[in-house]
Every structure is written in C-alpha cells, then in structure tokens.
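Q: File name run-v2.json; file contents JSON, C-alpha atoms; full text below.
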```json
[["chain", "number", "residue", "atom", "x", "y", "z"],
["X", 170, "MET", "CA", 0.00, 0.00, 0.00],
["X", 171, "SER", "CA", 1.25, 3.48, -0.88],
["X", 172, "GLU", "CA", 2.75, 5.55, 1.84],
["X", 173, "VAL", "CA", 0.37, 8.02, 3.45],
["X", 174, "THR", "CA", 1.69, 11.50, 4.06],
["X", 175, "ASN", "CA", 0.35, 14.69, 5.60],
["X", 176, "THR", "CA", -1.27, 17.39, 3.47],
["X", 177, "THR", "CA", 1.45, 19.80, 4.48],
["X", 178, "HIS", "CA", 4.10, 17.62, 2.82],
["X", 179, "GLY", "CA", 2.28, 16.67, -0.35],
["X", 180, "PRO", "CA", -0.57, 14.60, -1.71],
["X", 181, "PHE", "CA", -1.66, 11.42, 0.04],
["X", 182, "TYR", "CA", -4.17, 8.61, -0.17],
["X", 183, "PHE", "CA", -7.32, 8.09, 1.81],
["X", 184, "ILE", "CA", -8.11, 4.44, 2.54],
["X", 185, "LEU", "CA", -11.65, 3.23, 1.86],
["X", 186, "THR", "CA", -13.49, 0.56, 3.86],
["X", 187, "GLY", "CA", -15.83, -2.09, 2.47],
["X", 188, "PHE", "CA", -17.93, -4.25, 4.77],
["X", 189, "PRO", "CA", -16.06, -4.66, 8.09],
["X", 190, "GLY", "CA", -15.73, -8.30, 9.08],
["X", 191, "PHE", "CA", -16.87, -9.53, 5.67],
["X", 192, "GLU", "CA", -13.75, -8.83, 3.62],
["X", 193, "ASP", "CA", -13.44, -12.51, 2.67],
["X", 194, "ILE", "CA", -16.80, -12.47, 0.87],
["X", 195, "HIS", "CA", -16.53, -9.07, -0.85],
["X", 196, "LEU", "CA", -16.79, -10.83, -4.20],
["X", 197, "TRP", "CA", -20.17, -12.31, -3.21],
["X", 198, "ILE", "CA", -21.34, -8.97, -1.78],
["X", 199, "SER", "CA", -20.46, -7.38, -5.13],
["X", 200, "ILE", "CA", -23.21, -9.40, -6.90],
["X", 201, "PRO", "CA", -26.22, -7.58, -5.34],
["X", 202, "PHE", "CA", -24.38, -4.25, -5.66],
["X", 203, "PHE", "CA", -23.67, -4.90, -9.33],
["X", 204, "CYS", "CA", -27.35, -5.78, -9.86],
["X", 205, "LEU", "CA", -28.55, -2.62, -8.07],
["X", 206, "TYR", "CA", -26.17, -0.38, -10.03],
["X", 207, "THR", "CA", -27.29, -2.05, -13.28],
["X", 208, "ILE", "CA", -30.98, -1.55, -12.41],
["X", 209, "SER", "CA", -30.31, 2.10, -11.59],
["X", 210, "ILE", "CA", -28.36, 2.85, -14.77],
["X", 211, "MET", "CA", -30.74, 0.97, -17.07],
["X", 212, "GLY", "CA", -33.88, 2.26, -15.34],
["X", 213, "ASN", "CA", -32.91, 5.93, -15.34],
["X", 214, "THR", "CA", -31.50, 5.75, -18.88],
["X", 215, "THR", "CA", -34.78, 4.20, -20.07],
["X", 216, "ILE", "CA", -36.84, 6.94, -18.36],
["X", 217, "LEU", "CA", -34.69, 9.63, -20.03],
["X", 218, "THR", "CA", -34.91, 7.94, -23.44],
["X", 219, "VAL", "CA", -38.70, 7.55, -23.23],
["X", 220, "ILE", "CA", -39.21, 11.21, -22.24],
["X", 221, "ARG", "CA", -36.85, 12.40, -24.99],
["X", 222, "THR", "CA", -38.43, 10.30, -27.76],
["X", 223, "GLU", "CA", -42.10, 10.75, -26.83],
["X", 224, "PRO", "CA", -43.39, 14.22, -27.85],
["X", 225, "SER", "CA", -46.49, 13.70, -25.65],
["X", 226, "LEU", "CA", -44.20, 13.58, -22.59],
["X", 227, "HIS", "CA", -42.64, 16.99, -23.24],
["X", 228, "GLN", "CA", -44.70, 18.41, -20.38],
["X", 229, "PRO", "CA", -43.62, 20.01, -17.07],
["X", 230, "MET", "CA", -44.21, 16.89, -14.94],
["X", 231, "TYR", "CA", -42.08, 14.69, -17.20],
["X", 232, "LEU", "CA", -39.38, 17.33, -17.69],
["X", 233, "PHE", "CA", -38.99, 17.42, -13.90],
["X", 234, "LEU", "CA", -38.94, 13.61, -13.91],
["X", 235, "SER", "CA", -36.09, 13.70, -16.45],
["X", 236, "MET", "CA", -34.19, 16.02, -14.06],
["X", 237, "LEU", "CA", -34.73, 13.44, -11.29],
["X", 238, "ALA", "CA", -33.51, 10.61, -13.54],
["X", 239, "LEU", "CA", -30.38, 12.61, -14.50],
["X", 240, "THR", "CA", -29.69, 13.29, -10.82],
["X", 241, "ASP", "CA", -30.12, 9.61, -9.93],
["X", 242, "LEU", "CA", -27.82, 8.63, -12.80],
["X", 243, "GLY", "CA", -25.19, 11.10, -11.57],
["X", 244, "LEU", "CA", -25.45, 9.80, -8.01],
["X", 245, "THR", "CA", -25.06, 6.20, -9.21],
["X", 246, "LEU", "CA", -22.03, 6.91, -11.41],
["X", 247, "THR", "CA", -20.37, 8.89, -8.60],
["X", 248, "THR", "CA", -20.17, 5.98, -6.16],
["X", 249, "LEU", "CA", -19.97, 3.06, -8.61],
["X", 250, "PRO", "CA", -16.18, 3.24, -9.40],
["X", 251, "THR", "CA", -14.90, 3.18, -5.81],
["X", 252, "VAL", "CA", -17.50, 0.70, -4.51],
["X", 253, "MET", "CA", -17.04, -1.86, -7.28],
["X", 254, "GLN", "CA", -13.24, -1.61, -7.50],
["X", 255, "LEU", "CA", -13.08, -2.21, -3.74],
["X", 256, "LEU", "CA", -15.44, -5.20, -3.85],
["X", 257, "TRP", "CA", -13.95, -6.73, -7.02],
["X", 258, "PHE", "CA", -10.24, -5.91, -6.78],
["X", 259, "ASN", "CA", -9.78, -4.84, -3.14],
["X", 260, "ILE", "CA", -8.43, -1.44, -4.32],
["X", 261, "ARG", "CA", -8.84, 0.61, -1.17],
["X", 262, "GLU", "CA", -6.71, 3.67, -1.90],
["X", 263, "ILE", "CA", -8.14, 6.88, -3.32],
["X", 264, "SER", "CA", -6.03, 9.96, -3.95],
["X", 265, "PHE", "CA", -6.61, 13.27, -2.17],
["X", 266, "GLU", "CA", -7.93, 15.01, -5.31],
["X", 267, "ALA", "CA", -10.09, 12.07, -6.42],
["X", 268, "CYS", "CA", -11.66, 11.85, -2.95],
["X", 269, "PHE", "CA", -12.55, 15.55, -2.94],
["X", 270, "ALA", "CA", -13.95, 15.27, -6.49],
["X", 271, "GLN", "CA", -16.17, 12.38, -5.36],
["X", 272, "PHE", "CA", -17.12, 14.35, -2.23],
["X", 273, "PHE", "CA", -18.26, 17.28, -4.44],
["X", 274, "PHE", "CA", -20.37, 15.21, -6.84],
["X", 275, "LEU", "CA", -21.77, 12.91, -4.15],
["X", 276, "HIS", "CA", -23.08, 15.71, -1.94],
["X", 277, "GLY", "CA", -23.98, 17.86, -4.96],
["X", 278, "PHE", "CA", -26.22, 15.16, -6.46],
["X", 279, "SER", "CA", -27.70, 14.34, -3.02],
["X", 280, "PHE", "CA", -28.73, 17.98, -2.55],
["X", 281, "MET", "CA", -29.94, 18.06, -6.16],
["X", 282, "GLU", "CA", -32.22, 15.07, -5.50],
["X", 283, "SER", "CA", -33.88, 16.98, -2.67],
["X", 284, "SER", "CA", -34.14, 20.17, -4.75],
["X", 285, "VAL", "CA", -35.71, 18.37, -7.74],
["X", 286, "LEU", "CA", -38.29, 16.69, -5.49],
["X", 287, "LEU", "CA", -39.14, 20.14, -4.09],
["X", 288, "ALA", "CA", -39.58, 21.48, -7.66],
["X", 289, "MET", "CA", -41.78, 18.46, -8.47],
["X", 290, "SER", "CA", -43.98, 19.17, -5.44],
["X", 291, "PHE", "CA", -44.46, 22.73, -6.76],
["X", 292, "ASP", "CA", -45.42, 21.23, -10.13],
["X", 293, "ARG", "CA", -48.05, 19.02, -8.46],
["X", 294, "TYR", "CA", -49.35, 21.97, -6.43],
["X", 295, "VAL", "CA", -49.84, 24.11, -9.56],
["X", 296, "ALA", "CA", -51.38, 21.20, -11.52],
["X", 297, "ILE", "CA", -53.99, 20.46, -8.83],
["X", 298, "CYS", "CA", -54.60, 23.82, -7.16],
["X", 299, "ARG", "CA", -54.18, 26.10, -10.22],
["X", 300, "PRO", "CA", -55.06, 23.82, -13.17],
["X", 301, "LEU", "CA", -56.25, 26.64, -15.44],
["X", 302, "HIS", "CA", -52.95, 28.49, -15.06],
["X", 303, "TYR", "CA", -50.70, 25.38, -15.20],
["X", 304, "ALA", "CA", -49.51, 25.83, -18.80],
["X", 305, "SER", "CA", -48.94, 29.58, -18.41],
["X", 306, "ILE", "CA", -47.04, 29.28, -15.09],
["X", 307, "LEU", "CA", -44.80, 26.29, -15.90],
["X", 308, "THR", "CA", -43.58, 27.17, -19.38],
["X", 309, "THR", "CA", -40.49, 25.50, -20.86],
["X", 310, "GLU", "CA", -38.51, 28.67, -20.12],
["X", 311, "VAL", "CA", -39.58, 28.67, -16.47],
["X", 312, "ILE", "CA", -38.69, 24.98, -16.11],
["X", 313, "GLY", "CA", -35.26, 25.68, -17.64],
["X", 314, "ARG", "CA", -34.71, 28.48, -15.10],
["X", 315, "ILE", "CA", -35.79, 26.21, -12.25],
["X", 316, "GLY", "CA", -33.28, 23.57, -13.46],
["X", 317, "LEU", "CA", -30.51, 26.17, -13.64],
["X", 318, "ALA", "CA", -31.42, 27.48, -10.16],
["X", 319, "ILE", "CA", -31.23, 23.91, -8.77],
["X", 320, "ILE", "CA", -27.73, 23.42, -10.24],
["X", 321, "CYS", "CA", -26.51, 26.79, -8.91],
["X", 322, "ARG", "CA", -28.04, 26.12, -5.49],
["X", 323, "CYS", "CA", -26.32, 22.76, -5.12],
["X", 324, "VAL", "CA", -22.92, 23.89, -6.46],
["X", 325, "LEU", "CA", -22.93, 26.97, -4.20],
["X", 326, "ALA", "CA", -23.96, 24.81, -1.23],
["X", 327, "VAL", "CA", -21.22, 22.19, -1.67],
["X", 328, "LEU", "CA", -18.24, 24.31, -2.81],
["X", 329, "PRO", "CA", -17.74, 26.24, 0.49],
["X", 330, "SER", "CA", -17.76, 23.01, 2.53],
["X", 331, "LEU", "CA", -15.26, 21.50, 0.08],
["X", 332, "PHE", "CA", -12.86, 24.46, 0.34],
["X", 333, "LEU", "CA", -13.31, 24.71, 4.12],
["X", 334, "LEU", "CA", -12.36, 21.05, 4.47],
["X", 335, "LYS", "CA", -9.56, 21.09, 1.89],
["X", 336, "ARG", "CA", -7.62, 23.83, 3.71],
["X", 337, "LEU", "CA", -7.35, 21.70, 6.88],
["X", 338, "PRO", "CA", -4.54, 19.24, 7.72],
["X", 339, "PHE", "CA", -5.35, 15.52, 7.82],
["X", 340, "CYS", "CA", -2.90, 14.07, 10.32],
["X", 341, "HIS", "CA", -5.07, 11.50, 12.07],
["X", 342, "SER", "CA", -5.76, 8.05, 10.61],
["X", 343, "HIS", "CA", -6.57, 8.27, 6.89],
["X", 344, "LEU", "CA", -8.98, 5.33, 7.09],
["X", 345, "LEU", "CA", -12.49, 6.24, 5.93],
["X", 346, "SER", "CA", -15.43, 4.19, 7.20],
["X", 347, "HIS", "CA", -17.17, 3.87, 3.80],
["X", 348, "SER", "CA", -16.32, 2.86, 0.25],
["X", 349, "TYR", "CA", -16.71, 6.47, -0.93],
["X", 350, "CYS", "CA", -15.83, 9.94, 0.38],
["X", 351, "LEU", "CA", -18.45, 11.55, 2.63],
["X", 352, "HIS", "CA", -18.00, 14.91, 4.37],
["X", 353, "GLN", "CA", -19.13, 13.63, 7.78],
["X", 354, "ASP", "CA", -16.59, 10.81, 7.45],
["X", 355, "MET", "CA", -13.65, 12.93, 6.26],
["X", 356, "ILE", "CA", -14.14, 15.68, 8.87],
["X", 357, "HIS", "CA", -13.32, 13.20, 11.67],
["X", 358, "LEU", "CA", -9.80, 12.75, 10.23],
["X", 359, "VAL", "CA", -8.89, 16.43, 10.59],
["X", 360, "CYS", "CA", -6.52, 17.52, 13.37],
["X", 361, "ALA", "CA", -7.49, 21.20, 13.57],
["X", 362, "ASP", "CA", -10.32, 23.46, 14.71],
["X", 363, "ILE", "CA", -13.44, 22.45, 12.72],
["X", 364, "ARG", "CA", -15.96, 24.82, 14.30],
["X", 365, "VAL", "CA", -16.43, 26.83, 11.08],
["X", 366, "ASN", "CA", -17.01, 23.59, 9.13],
["X", 367, "SER", "CA", -19.49, 22.38, 11.75],
["X", 368, "TRP", "CA", -21.49, 25.62, 11.73],
["X", 369, "TYR", "CA", -21.57, 25.67, 7.93],
["X", 370, "GLY", "CA", -22.67, 22.02, 7.88],
["X", 371, "PHE", "CA", -25.43, 22.86, 10.38],
["X", 372, "ALA", "CA", -26.59, 25.77, 8.19],
["X", 373, "LEU", "CA", -26.71, 23.44, 5.15],
["X", 374, "VAL", "CA", -28.78, 20.91, 7.09],
["X", 375, "LEU", "CA", -31.29, 23.65, 7.97],
["X", 376, "LEU", "CA", -31.40, 25.21, 4.48],
["X", 377, "ILE", "CA", -31.68, 21.99, 2.46],
["X", 378, "ILE", "CA", -32.25, 18.83, 4.48],
["X", 379, "VAL", "CA", -34.81, 20.45, 6.82],
["X", 380, "LEU", "CA", -36.28, 23.25, 4.66],
["X", 381, "ASP", "CA", -36.94, 21.14, 1.54],
["X", 382, "PRO", "CA", -39.07, 18.47, 3.28],
["X", 383, "LEU", "CA", -40.97, 21.18, 5.18],
["X", 384, "LEU", "CA", -41.82, 22.97, 1.90],
["X", 385, "ILE", "CA", -42.82, 19.64, 0.32],
["X", 386, "VAL", "CA", -45.11, 18.92, 3.30],
["X", 387, "LEU", "CA", -46.57, 22.45, 2.98],
["X", 388, "SER", "CA", -47.29, 21.92, -0.73],
["X", 389, "TYR", "CA", -49.08, 18.64, 0.05],
["X", 390, "ALA", "CA", -51.08, 20.29, 2.84],
["X", 391, "LEU", "CA", -52.29, 22.86, 0.30],
["X", 392, "ILE", "CA", -52.97, 20.09, -2.25],
["X", 393, "LEU", "CA", -54.94, 18.09, 0.34],
["X", 394, "LYS", "CA", -56.97, 21.17, 1.29],
["X", 395, "SER", "CA", -57.78, 21.79, -2.39],
["X", 396, "VAL", "CA", -58.60, 18.11, -3.04],
["X", 397, "LEU", "CA", -60.98, 17.88, -0.08],
["X", 398, "ASN", "CA", -62.90, 20.84, -1.47],
["X", 399, "THR", "CA", -63.52, 19.06, -4.80],
["X", 400, "ALA", "CA", -66.97, 17.74, -5.60],
["X", 401, "THR", "CA", -66.64, 13.94, -5.72],
["X", 402, "TRP", "CA", -64.56, 11.13, -4.25],
["X", 403, "THR", "CA", -63.60, 10.07, -7.80],
["X", 404, "GLU", "CA", -62.00, 13.47, -8.45],
["X", 405, "ARG", "CA", -60.25, 13.37, -5.07],
["X", 406, "LEU", "CA", -58.80, 9.92, -5.71],
["X", 407, "ARG", "CA", -57.70, 10.90, -9.23],
["X", 408, "ALA", "CA", -55.92, 14.00, -7.88],
["X", 409, "LEU", "CA", -54.18, 12.06, -5.09],
["X", 410, "ASN", "CA", -53.21, 9.26, -7.48],
["X", 411, "ASN", "CA", -51.43, 11.86, -9.64],
["X", 412, "CYS", "CA", -49.27, 12.67, -6.62],
["X", 413, "LEU", "CA", -48.63, 9.09, -5.47],
["X", 414, "SER", "CA", -45.43, 8.50, -7.46],
["X", 415, "HIS", "CA", -43.92, 11.74, -6.16],
["X", 416, "MET", "CA", -44.94, 10.96, -2.56],
["X", 417, "LEU", "CA", -43.25, 7.55, -2.80],
["X", 418, "ALA", "CA", -40.08, 9.15, -4.27],
["X", 419, "VAL", "CA", -40.04, 11.62, -1.35],
["X", 420, "LEU", "CA", -40.31, 8.75, 1.16],
["X", 421, "VAL", "CA", -37.58, 6.75, -0.61],
["X", 422, "LEU", "CA", -35.19, 9.71, -0.22],
["X", 423, "TYR", "CA", -36.05, 11.05, 3.23],
["X", 424, "VAL", "CA", -36.74, 7.86, 5.22],
["X", 425, "PRO", "CA", -33.19, 6.48, 4.65],
["X", 426, "MET", "CA", -31.79, 10.01, 5.17],
["X", 427, "VAL", "CA", -33.47, 10.24, 8.59],
["X", 428, "GLY", "CA", -32.31, 6.68, 9.32],
["X", 429, "VAL", "CA", -28.67, 7.58, 8.59],
["X", 430, "SER", "CA", -28.92, 10.72, 10.78],
["X", 431, "MET", "CA", -30.50, 8.77, 13.66],
["X", 432, "THR", "CA", -27.86, 6.05, 13.38],
["X", 433, "HIS", "CA", -25.00, 8.60, 13.48],
["X", 434, "ARG", "CA", -26.55, 10.41, 16.46],
["X", 435, "PHE", "CA", -27.99, 7.62, 18.61],
["X", 436, "ALA", "CA", -26.09, 4.50, 17.54],
["X", 437, "LYS", "CA", -22.50, 5.75, 17.56],
["X", 438, "HIS", "CA", -21.29, 2.58, 19.29],
["X", 439, "ALA", "CA", -23.19, 0.22, 17.01],
["X", 440, "SER", "CA", -21.29, -2.14, 14.73],
["X", 441, "PRO", "CA", -19.52, -0.32, 11.85],
["X", 442, "LEU", "CA", -21.46, -2.65, 9.56],
["X", 443, "VAL", "CA", -24.72, -0.94, 10.62],
["X", 444, "HIS", "CA", -23.40, 2.48, 9.55],
["X", 445, "VAL", "CA", -22.09, 1.08, 6.24],
["X", 446, "LEU", "CA", -25.42, -0.61, 5.45],
["X", 447, "MET", "CA", -27.45, 2.51, 6.32],
["X", 448, "ALA", "CA", -25.24, 4.76, 4.18],
["X", 449, "ASN", "CA", -25.47, 2.38, 1.21],
["X", 450, "ILE", "CA", -29.27, 2.16, 1.50],
["X", 451, "TYR", "CA", -29.46, 5.97, 1.61],
["X", 452, "LEU", "CA", -27.34, 6.37, -1.54],
["X", 453, "LEU", "CA", -28.73, 3.44, -3.55],
["X", 454, "ALA", "CA", -32.44, 3.46, -2.66],
["X", 455, "PRO", "CA", -33.52, 6.58, -4.65],
["X", 456, "PRO", "CA", -31.62, 5.80, -7.91],
["X", 457, "VAL", "CA", -32.84, 2.19, -7.88],
["X", 458, "MET", "CA", -36.43, 2.75, -6.71],
["X", 459, "ASN", "CA", -37.41, 5.95, -8.55],
["X", 460, "PRO", "CA", -37.44, 4.40, -12.06],
["X", 461, "ILE", "CA", -39.41, 1.42, -10.70],
["X", 462, "ILE", "CA", -41.93, 3.69, -8.94],
["X", 463, "TYR", "CA", -42.53, 5.93, -11.96],
["X", 464, "SER", "CA", -42.65, 3.00, -14.38],
["X", 465, "ALA", "CA", -45.16, 1.14, -12.22],
["X", 466, "LYS", "CA", -47.37, 4.09, -11.21],
["X", 467, "THR", "CA", -47.32, 6.34, -14.31],
["X", 468, "LYS", "CA", -49.37, 5.02, -17.23],
["X", 469, "GLN", "CA", -47.74, 7.34, -19.81],
["X", 470, "ILE", "CA", -44.24, 6.17, -18.82],
["X", 471, "ARG", "CA", -45.32, 2.50, -18.99],
["X", 472, "GLN", "CA", -46.79, 3.00, -22.45],
["X", 473, "GLY", "CA", -43.67, 4.87, -23.59],
["X", 474, "ILE", "CA", -41.40, 2.05, -22.36],
["X", 475, "THR", "CA", -43.58, -0.54, -24.14],
["X", 476, "ARG", "CA", -43.41, 1.42, -27.42],
["X", 477, "LEU", "CA", -39.66, 1.90, -27.04],
["X", 478, "PHE", "CA", -39.03, -1.84, -26.66],
["X", 479, "LEU", "CA", -41.45, -2.72, -29.45],
["X", 480, "GLN", "CA", -39.62, -0.32, -31.81],
["X", 481, "ARG", "CA", -36.27, -1.88, -30.90],
["X", 482, "LYS", "CA", -37.71, -5.35, -31.43],
["X", 483, "VAL", "CA", -38.93, -4.38, -34.92],
["X", 484, "HIS", "CA", -35.53, -2.88, -35.86]]
```
Would it be possible to restate this file's structure as structure tokens?
A:
Amino acid sequence: MSEVTNTTHGPFYFILTGFPGFEDIHLWISIPFFCLYTISIMGNTTILTVIRTEPSLHQPMYLFLSMLALTDLGLTLTTLPTVMQLLWFNIREISFEACFAQFFFLHGFSFMESSVLLAMSFDRYVAICRPLHYASILTTEVIGRIGLAIICRCVLAVLPSLFLLKRLPFCHSHLLSHSYCLHQDMIHLVCADIRVNSWYGFALVLLIIVLDPLLIVLSYALILKSVLNTATWTERLRALNNCLSHMLAVLVLYVPMVGVSMTHRFAKHASPLVHVLMANIYLLAPPVMNPIIYSAKTKQIRQGITRLFLQRKVH
C-alpha cells in the first residue's frame, strides 16, 4: 500500500473501507451491488430515453422527472467506481484530489435530488390547485430556469464546505469508514479546529435537508386542502393518485436520510457494519427505486417504455 503523508508535505491517499468483518466475501457482496447499479443505470436511462423520444411527454411533470432521472444517474455513477473496484479488486486507496472530487459530486447530487423533489412538489401543487394556469405558469422557459437554479443552489452549497475542508490538515488516521468519500466521514480525520465547518454544515442541514421536506409537506397540505374541497370522491382519488409516485419518491429519499442521521446520532457505538449498510441504502435506494416507482405508477411512462421496446424489437 502506498505511503500516506500529511497534506502539508504533499498529496496522500485516503483508505476506503468495504464491509467490516466480511472482507473474505466481498466478491459475493459485489453481486447484489452490481445488480442494483445495473438496475439504476438501465432504469434511469430508459426513463430519459422515453421522455426524450415521446413528444407527448414533453410536459412540465415529465421534464422534472427527467431532471430526477439525470440526478439519480449522476449519483449512481459517482459511487460506482470506488464501490465496485473495492469489492472486485480490493483497491482501497483513493487519492486526495479524487476523494474531494467524489465528495463534491456525491453531496452535490444528493442535494440536487432533494431540490428536484421540491420542484416536483411545486409542479403538483400548480397542476392540482391552479389547473387553469398550469400551462402559463410552468412554461419551458420557467422549467429551464428552475433547473438552472437547482444546479446553482447545489454547487454553491457544496463548494464552500469542500474548500473549508480542503484547507485543513489531515494528520489522524486516513482510514475512511465507507467505500466512498463523505463529508461527515472525512471531517473526523482532521486535526485542527473544525468549528467553522461544523457551523456551515449545520446551516446546510437547515437550508436543504430540513427546509426542503418542510416545503414539500406544505405543498401537500395545500394540495390536500384543495382536493378535499372538490366535488366527488372520484376526483379526489384521481388527484391524489397523480401525486402518489412523487410521494413515494419523497419517502424513498427522506426515510433512509433520517435513518442515517439517527444512526449517526444515537447508535454511535453500534457495529460499523450498521453504519455502512445505512449509508449504502441511503445512496442506492432513490436511484434504484425511482425508475421502478414511476414505471409502475405512471401510465404514460409505462406506455412509452412498451413502445420503445417494441420499436427496438422491430428494428
């Protein structure tokens, strides 16, 4: 293994961890991971292809769904190289620069997932509560601006934490507790005052991880109020069914996120394996489940996928 040196003397390697206590069966563990990564890549690529090739799906709801699929694809491709090379080839070293690059994209896409789900909740609110103004409010130009705002928000959120961490010396153990580079993992290896980093991290938690779900809940409270005022149960059920896929996607993101936070706070002395499993569920659940949810619950997506495969079969 390459020699590890301090940041003050030059570049060094972080050391990744797979599944503690199960190193002998990493090859077997790689099989379900390979399957999950394959499902995520194929599922999200299919969603993007269907939306791109079907003119009838060039609507606000599906344009936001394509943003979600792109985000999930980015999140998958960010962790795939280090996870699979560790499980397949036991390559545990990752350079300083590569680790920070993964840190940037990993947290950037995680924040983007939350931001896109917030935008999708706004889309559902307008569609149900302001149906007559839906087309005039959510124009293609407005959706493009929302997408650009999401990218800017996430980049501006992650960059300061990256630079704040990068300026600090890493002179403790360089052993990370996951098979990818997470901020909360890397910060424990610093041997300097991290109060500024901690306060900034706390501000990010409030502005994104707490604010986004609160705004999503608010949008659904307004949707529910509007739905309950509609004339018939059939209309109510139809309106709620239109939101079901999005509600499931929100749960798939935030339930594991809360689970990871609770584990870090209240189960600090639990087996390292528990923390590794929770972190992997948090990062893999949305990219794997979102394409399945939208394919199963959205008739237009199902029909588009069927047509896509029939066309390929003919050719």
Q: Go ahead and compute the interatomic distance for CA of Leu301 (chain X) and CA of Pro229 (chain X), in Å to one decimal.
A: 14.4 Å
Q: For the atom pair CA of Ser367 (chain X) and CA of Leu333 (chain X), what is the interatomic distance in Å to one decimal place?
A: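 Rounded to one decimal, the two atoms are 10.1 Å apart.
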Q: For Lys468 (chain X), which of X:Leu286, X:Leu226, X:Ala304, X:Cys268 is the closest residue, counting all atoms listed in the file?
A: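 Smallest separation from Lys468 (chain X) among the options: X:Leu226.
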Q: Measuring between all atoms listed in the file, which one of X:Thr222, X:Ser290, X:Gln254, X:Ser284 shows the shortest distance to Tyr389 (chain X)?
A: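 When distances to Tyr389 (chain X) are compared using all atoms listed in the file, the smallest one comes from X:Ser290.
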Q: Which residues are close to Val365 (chain X), i.e. within 12 Å by only C-alpha atoms, leaving aside same-chain residues fewer than 6 positions away? Reply as a short mmCIF file (atom, residue, chain, number, x, y, z; two decimals) with C-alpha atoms, in the frame of the given file.
A:
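New file part_6.cif:
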```cif
data_model
loop_
_atom_site.label_atom_id
_atom_site.label_comp_id
_atom_site.auth_asym_id
_atom_site.auth_seq_id
_atom_site.Cartn_x
_atom_site.Cartn_y
_atom_site.Cartn_z
CA PRO X 329 -17.74 26.24 0.49
CA SER X 330 -17.76 23.01 2.53
CA PHE X 332 -12.86 24.46 0.34
CA LEU X 333 -13.31 24.71 4.12
CA LEU X 334 -12.36 21.05 4.47
CA ARG X 336 -7.62 23.83 3.71
CA LEU X 337 -7.35 21.70 6.88
CA ILE X 356 -14.14 15.68 8.87
CA PHE X 371 -25.43 22.86 10.38
CA ALA X 372 -26.59 25.77 8.19
#
```
Q: I want to know what sits within 8 Å of region 352-354 of chain X, based on all atoms listed in the file, with residues of the same chain fewer than 6 positions away left out; could you give that as a VMD selection string?
A: chain X and resid 272 345 to 346
Q: Excluding same-chain residues fewer than 4 positions from Phe258 (chain X), what lies within 10 Å of it counting all atoms listed in the file, as an NGL selection string?
A: :X and (195-196 or 253-254)
Q: Point out the residue among X:Met289, X:Leu409, X:Ile474, X:Leu422 with the least atom-to-atom distance to Leu397 (chain X), counting only C-alpha atoms.
A: X:Leu409
Q: How far is it from CA of Leu242 (chain X) to CA of Phe191 (chain X), in Å with one decimal?
A: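 Taking CA of Leu242 (chain X) as the start and CA of Phe191 (chain X) as the end point, the length is 28.1 Å.
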Q: Ranking X:Ile392, X:Val427, X:Ile363, X:Cys350 by minimum distance to Asp292 (chain X) and counting all atoms listed in the file, which one comes first?
A: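 Distance minimum relative to Asp292 (chain X) lands on X:Ile392.
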Q: Taking all atoms listed in the file into account, name the residue in X:Leu256, X:Arg471, X:Cys298, X:Gly316 that is nearest to Pro189 (chain X).
A: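 Under the stated criterion, the closest residue is X:Leu256.
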Q: Pick out the residues sitting within 9 Å of Ser414 (chain X), and hand them over as a PyMOL selection string; count only C-alpha atoms, and ignore anything fewer than 5 positions along from it in its own chain.
A: chain X and resi 419+459+462-463+465-467
Q: For Gly187 (chain X), which of X:His444, X:His347, X:Lys482, X:His438 is the closest residue, counting only C-alpha atoms?
A: X:His347
Q: Determine, counting all atoms listed in the file, every residue of protein, DNA or RNA that lies within 12 Å of (-22.0, 10.2, -5.1) in the file coordinates, then give the result as a ChimeraX atom specification.
A: /X:240-252,268-282,347-352,448-449,451-453,456
Q: Could you model N, CA, C and O atoms for region 365-376 of chain X and present them as a compact mmCIF listing (two decimals), in the coordinates of the input?
A:
```txt
# COMPACT_ATOMS: atom_id res chain seq x y z
N VAL X 365 -15.85 26.16 12.25
CA VAL X 365 -16.43 26.83 11.08
C VAL X 365 -17.11 25.80 10.18
O VAL X 365 -18.23 26.01 9.69
N ASN X 366 -16.44 24.67 9.94
CA ASN X 366 -17.01 23.59 9.13
C ASN X 366 -18.31 23.08 9.73
O ASN X 366 -19.29 22.83 9.02
N SER X 367 -18.30 22.92 11.06
CA SER X 367 -19.49 22.38 11.75
C SER X 367 -20.67 23.33 11.64
O SER X 367 -21.81 22.90 11.38
N TRP X 368 -20.42 24.63 11.82
CA TRP X 368 -21.49 25.62 11.73
C TRP X 368 -22.03 25.71 10.30
O TRP X 368 -23.23 25.83 10.09
N TYR X 369 -21.12 25.63 9.33
CA TYR X 369 -21.57 25.67 7.93
C TYR X 369 -22.39 24.43 7.61
O TYR X 369 -23.43 24.50 6.94
N GLY X 370 -21.93 23.28 8.09
CA GLY X 370 -22.67 22.02 7.88
C GLY X 370 -24.06 22.09 8.50
O GLY X 370 -25.04 21.63 7.92
N PHE X 371 -24.13 22.70 9.70
CA PHE X 371 -25.43 22.86 10.38
C PHE X 371 -26.36 23.76 9.58
O PHE X 371 -27.55 23.48 9.44
N ALA X 372 -25.80 24.85 9.01
CA ALA X 372 -26.59 25.77 8.19
C ALA X 372 -27.12 25.05 6.94
O ALA X 372 -28.28 25.25 6.55
N LEU X 373 -26.28 24.20 6.33
CA LEU X 373 -26.71 23.44 5.15
C LEU X 373 -27.84 22.48 5.50
O LEU X 373 -28.79 22.33 4.73
N VAL X 374 -27.73 21.84 6.65
CA VAL X 374 -28.78 20.91 7.09
C VAL X 374 -30.11 21.66 7.21
O VAL X 374 -31.15 21.18 6.75
N LEU X 375 -30.07 22.86 7.80
CA LEU X 375 -31.29 23.65 7.97
C LEU X 375 -31.85 24.11 6.63
O LEU X 375 -33.06 24.04 6.39
N LEU X 376 -30.96 24.60 5.73
CA LEU X 376 -31.40 25.21 4.48
C LEU X 376 -31.85 24.20 3.42
O LEU X 376 -32.63 24.54 2.55
```
